[in-house]
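*Asks:* Got a structure for you, written out below as structure tokens; questions coming shortly.
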Amino acid sequence: MGKQRQLKIPNLIRKQGVSVSDDCVEIQQRIKTLNEKLCGLQTQLFQIKRNSYKRTIFPSKSISANEVFSKPENIVLSNSVAVMNRKLELLTVLTGLEVQSYSKNDHCCIVFHMQHDSNNVVKHGLRIEMKSGGNEVTESSLPVGFNLNEIIDDYDSILKPEYLLSVHKALIAYYDRLQQYESLERLISINGTLFKALDGSHIEVTFYMHGDDDNRDIKVVLILHYRVNDIRPKTYVIKTDLPEELLETLQQHCLLFRKKPLKNAFRHIFMDDGPWKLVNQMAIHKEHTATRPKRFRPNRNPNNDDTFRPEECSDQGEDEEYVE
């Protein structure tokens, strides 16, 4: 028999291969399942810690027992109402009109919002009755002297937007004329006298002026007429004793009242660049005022001669006989 070569153990294992039993396969499968469960539990633990950190940074709002849950439909409806209210407020600011109440075939209440320079909020209103088939203004809170009938005559129906906008325009012109009148009154103060109708549709200004070529003082009465919607005079009249040529020149200068506010036009014509100057009544008053002589007031110092008073002297004279 020939010699048989003996194989080494590693080579024998490598040649025959390693056989794995079924028990080992089950164990490996179980280990894999446990690893997956462990990863899931670690993920849950991470989420729990993360939520706990959120609660500490952003504490949850406690819901009171009386708080009612709002449905999404109610939230959308309330937001729509709030947006509509903001739009109505914006429309009121832009147009100056607000329908406060309306009932079909009954009444309609209109409020006019004034936006002129004032310390208080100014509003005016109209109540229009519609019961008898026709529209009629039964109640109003308009300013003193405001001529509403002049506006009504130009329209067939007082519920038309054009009529309401015309009333609002007339109210703006009313307060603008009053402000111009007050500004002119502060400008000339004691140098002239002013008179106006209640609504400012008629203004009279009386003052004295003198020209560059004539030193005498001339009395002038300036009369301005306004319509209900006007902020500049429609017509004006000048009453004075100037010659015709000078009067025509003055009337040409007074055309400036139709272009500028009352105070600015008056200053430009009669105070700044015009050929006529407003007479300063204060200077004339000082010239004609007589100076009174100063009243003599004796010095109350008993050591001075000014304090001599005859009533304090005795009745004894030099002619009386001396008695020992």
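Residues are named by chain letter and number: chains run A, B, ... in the order of the structure tokens, numbers start at 1 in each chain, and ligands are numbered from 1 in the order shown.
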For Ala170 of chain A, list every protein, DNA or RNA residue within 8 Å, evaluated using only C-alpha atoms, and leave out those in the same chain fewer than 4 positions away; present the list as a list in words.
*Replies:*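 Here the answer would be Ser166, Tyr174, Val228, Asn229 and Asp230 of chain A.
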*Asks:* Using only C-alpha atoms, which protein or nucleic acid residues come within 7 Å of segment 216-227 of chain A? Drop anything in the same chain fewer than 4 positions from it, and give the result as JSON, numbers by chain.
*Replies:* {"A": [201, 202, 203, 204, 205, 206, 207, 208, 209, 210, 232, 233, 234, 235, 236, 237, 238, 239, 240]}
*Asks:* Suppose we keep N, CA, C and O atoms; can you now write the selection as a short mmCIF file (atom, residue, chain, number, x, y, z; two decimals), in the first residue's frame?
*Replies:*
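Here's the written file out.cif:
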```cif
data_model
loop_
_atom_site.label_atom_id
_atom_site.label_comp_id
_atom_site.auth_asym_id
_atom_site.auth_seq_id
_atom_site.Cartn_x
_atom_site.Cartn_y
_atom_site.Cartn_z
N SER A 201 -72.58 132.69 3.19
CA SER A 201 -72.85 132.95 1.77
C SER A 201 -72.78 134.44 1.44
O SER A 201 -72.74 134.80 0.27
N HIS A 202 -72.78 135.29 2.45
CA HIS A 202 -72.70 136.75 2.25
C HIS A 202 -71.71 137.30 3.28
O HIS A 202 -71.91 137.15 4.49
N ILE A 203 -70.63 137.92 2.79
CA ILE A 203 -69.58 138.45 3.65
C ILE A 203 -69.34 139.90 3.27
O ILE A 203 -69.20 140.22 2.08
N GLU A 204 -69.29 140.78 4.28
CA GLU A 204 -68.98 142.19 4.07
C GLU A 204 -67.73 142.54 4.87
O GLU A 204 -67.63 142.22 6.05
N VAL A 205 -66.80 143.23 4.20
CA VAL A 205 -65.56 143.67 4.84
C VAL A 205 -65.48 145.19 4.67
O VAL A 205 -65.48 145.70 3.55
N THR A 206 -65.42 145.91 5.79
CA THR A 206 -65.33 147.38 5.77
C THR A 206 -63.97 147.79 6.34
O THR A 206 -63.60 147.36 7.44
N PHE A 207 -63.25 148.62 5.59
CA PHE A 207 -61.92 149.04 6.02
C PHE A 207 -61.57 150.34 5.30
O PHE A 207 -62.30 150.83 4.42
N TYR A 208 -60.43 150.92 5.69
CA TYR A 208 -59.91 152.14 5.07
C TYR A 208 -58.59 151.83 4.38
O TYR A 208 -57.78 151.04 4.90
N MET A 209 -58.38 152.47 3.23
CA MET A 209 -57.14 152.27 2.48
C MET A 209 -56.70 153.62 1.90
O MET A 209 -57.47 154.58 1.84
N HIS A 210 -55.44 153.68 1.50
CA HIS A 210 -54.92 154.86 0.82
C HIS A 210 -54.00 154.40 -0.30
O HIS A 210 -53.31 153.38 -0.20
N ARG A 232 -65.18 129.89 -3.23
CA ARG A 232 -64.71 131.16 -3.76
C ARG A 232 -65.94 131.99 -4.13
O ARG A 232 -66.96 131.45 -4.55
N PRO A 233 -65.88 133.31 -3.97
CA PRO A 233 -67.07 134.12 -4.24
C PRO A 233 -67.50 134.05 -5.70
O PRO A 233 -66.68 134.13 -6.61
N LYS A 234 -68.81 133.89 -5.89
CA LYS A 234 -69.36 133.90 -7.25
C LYS A 234 -69.37 135.31 -7.81
O LYS A 234 -68.99 135.54 -8.96
N THR A 235 -69.78 136.28 -7.00
CA THR A 235 -69.76 137.69 -7.40
C THR A 235 -69.25 138.52 -6.23
O THR A 235 -69.29 138.08 -5.07
N TYR A 236 -68.79 139.73 -6.52
CA TYR A 236 -68.35 140.65 -5.48
C TYR A 236 -68.68 142.07 -5.91
O TYR A 236 -68.76 142.39 -7.10
N VAL A 237 -68.91 142.92 -4.91
CA VAL A 237 -69.27 144.32 -5.13
C VAL A 237 -68.35 145.18 -4.27
O VAL A 237 -68.08 144.85 -3.10
N ILE A 238 -67.85 146.29 -4.84
CA ILE A 238 -66.99 147.23 -4.13
C ILE A 238 -67.70 148.56 -4.03
O ILE A 238 -68.06 149.17 -5.05
N LYS A 239 -67.92 149.02 -2.81
CA LYS A 239 -68.55 150.33 -2.58
C LYS A 239 -67.51 151.29 -2.03
O LYS A 239 -66.97 151.08 -0.94
N THR A 240 -67.20 152.34 -2.81
CA THR A 240 -66.22 153.34 -2.40
C THR A 240 -66.43 154.59 -3.25
O THR A 240 -67.18 154.58 -4.23
#
```
*Asks:* Quick one: pull the distance between atom CA of Val111 of chain A and atom CA of Gly125 of chain A, Å, one decimal.
*Replies:* 4.3 Å
*Asks:* Between atom CA of Lys263 of chain A and atom CA of Lys196 of chain A, what is the spacing in Å?
*Replies:*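 Atom-to-atom, atom CA of Lys196 of chain A and atom CA of Lys263 of chain A are spaced 14.9 Å apart.
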*Asks:* Enumerate the residues of segment 60-285 of chain A with a DSSP assignment of alpha helix (DSSP H), computed from the backbone, and present them as a PyMOL selection string.
*Replies:* chain A and resi 72-95+149-152+161-188+244-253+262-267+281-285
*Asks:* Got a sec: who's within 8 Å of segment 140-147 of chain A, counting only C-alpha atoms, leaving out chain neighbours fewer than 4 positions off, as number ranges by chain?
*Replies:* A: 124-127, 151, 171, 174, 197-199, 228
*Asks:* With N, CA, C and O atoms retained, write the just-selected residues as a PDB file, in the first residue's frame.
*Replies:*
```pdb
ATOM      1  N   HIS A 124     -73.078 115.080  10.815  1.00  0.00           N
ATOM      2  CA  HIS A 124     -74.413 115.613  10.561  1.00  0.00           C
ATOM      3  C   HIS A 124     -75.260 114.500   9.954  1.00  0.00           C
ATOM      4  O   HIS A 124     -74.727 113.608   9.274  1.00  0.00           O
ATOM      5  N   GLY A 125     -76.564 114.558  10.206  1.00  0.00           N
ATOM      6  CA  GLY A 125     -77.428 113.478   9.749  1.00  0.00           C
ATOM      7  C   GLY A 125     -78.732 113.963   9.155  1.00  0.00           C
ATOM      8  O   GLY A 125     -79.196 115.074   9.436  1.00  0.00           O
ATOM      9  N   LEU A 126     -79.324 113.087   8.322  1.00  0.00           N
ATOM     10  CA  LEU A 126     -80.638 113.306   7.729  1.00  0.00           C
ATOM     11  C   LEU A 126     -81.481 112.056   7.939  1.00  0.00           C
ATOM     12  O   LEU A 126     -80.977 110.937   7.794  1.00  0.00           O
ATOM     13  N   ARG A 127     -82.746 112.253   8.268  1.00  0.00           N
ATOM     14  CA  ARG A 127     -83.702 111.142   8.323  1.00  0.00           C
ATOM     15  C   ARG A 127     -84.738 111.361   7.222  1.00  0.00           C
ATOM     16  O   ARG A 127     -85.454 112.366   7.224  1.00  0.00           O
ATOM     17  N   ILE A 151     -80.446 122.928  -2.315  1.00  0.00           N
ATOM     18  CA  ILE A 151     -79.928 121.703  -2.934  1.00  0.00           C
ATOM     19  C   ILE A 151     -81.074 120.797  -3.363  1.00  0.00           C
ATOM     20  O   ILE A 151     -81.024 120.162  -4.422  1.00  0.00           O
ATOM     21  N   LEU A 171     -71.722 120.886   2.667  1.00  0.00           N
ATOM     22  CA  LEU A 171     -71.256 120.958   4.054  1.00  0.00           C
ATOM     23  C   LEU A 171     -69.762 121.273   4.115  1.00  0.00           C
ATOM     24  O   LEU A 171     -69.309 122.052   4.962  1.00  0.00           O
ATOM     25  N   TYR A 174     -69.403 124.880   3.396  1.00  0.00           N
ATOM     26  CA  TYR A 174     -69.889 125.664   4.543  1.00  0.00           C
ATOM     27  C   TYR A 174     -68.759 125.883   5.551  1.00  0.00           C
ATOM     28  O   TYR A 174     -68.474 127.016   5.970  1.00  0.00           O
ATOM     29  N   ALA A 197     -73.312 136.300   6.783  1.00  0.00           N
ATOM     30  CA  ALA A 197     -74.537 135.548   7.041  1.00  0.00           C
ATOM     31  C   ALA A 197     -74.173 134.286   7.825  1.00  0.00           C
ATOM     32  O   ALA A 197     -73.002 133.924   7.963  1.00  0.00           O
ATOM     33  N   LEU A 198     -75.192 133.598   8.336  1.00  0.00           N
ATOM     34  CA  LEU A 198     -74.936 132.435   9.177  1.00  0.00           C
ATOM     35  C   LEU A 198     -74.165 131.356   8.435  1.00  0.00           C
ATOM     36  O   LEU A 198     -73.279 130.713   9.002  1.00  0.00           O
ATOM     37  N   ASP A 199     -74.504 131.135   7.175  1.00  0.00           N
ATOM     38  CA  ASP A 199     -73.834 130.085   6.414  1.00  0.00           C
ATOM     39  C   ASP A 199     -72.618 130.594   5.646  1.00  0.00           C
ATOM     40  O   ASP A 199     -71.997 129.834   4.893  1.00  0.00           O
ATOM     41  N   VAL A 228     -74.205 127.900  -2.458  1.00  0.00           N
ATOM     42  CA  VAL A 228     -74.161 126.930  -1.365  1.00  0.00           C
ATOM     43  C   VAL A 228     -72.974 125.981  -1.500  1.00  0.00           C
ATOM     44  O   VAL A 228     -72.445 125.488  -0.501  1.00  0.00           O
TER      45      VAL A 228
END
```
*Asks:* Which residues are close to Leu164 of chain A, i.e. within 9 Å by only C-alpha atoms, leaving aside same-chain residues fewer than 4 positions away? Reply as a list in words.
*Replies:*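 The filter keeps Leu97, Ile110, Phe112, Ile158, Leu159, Lys160, His168 and Lys169 of chain A.
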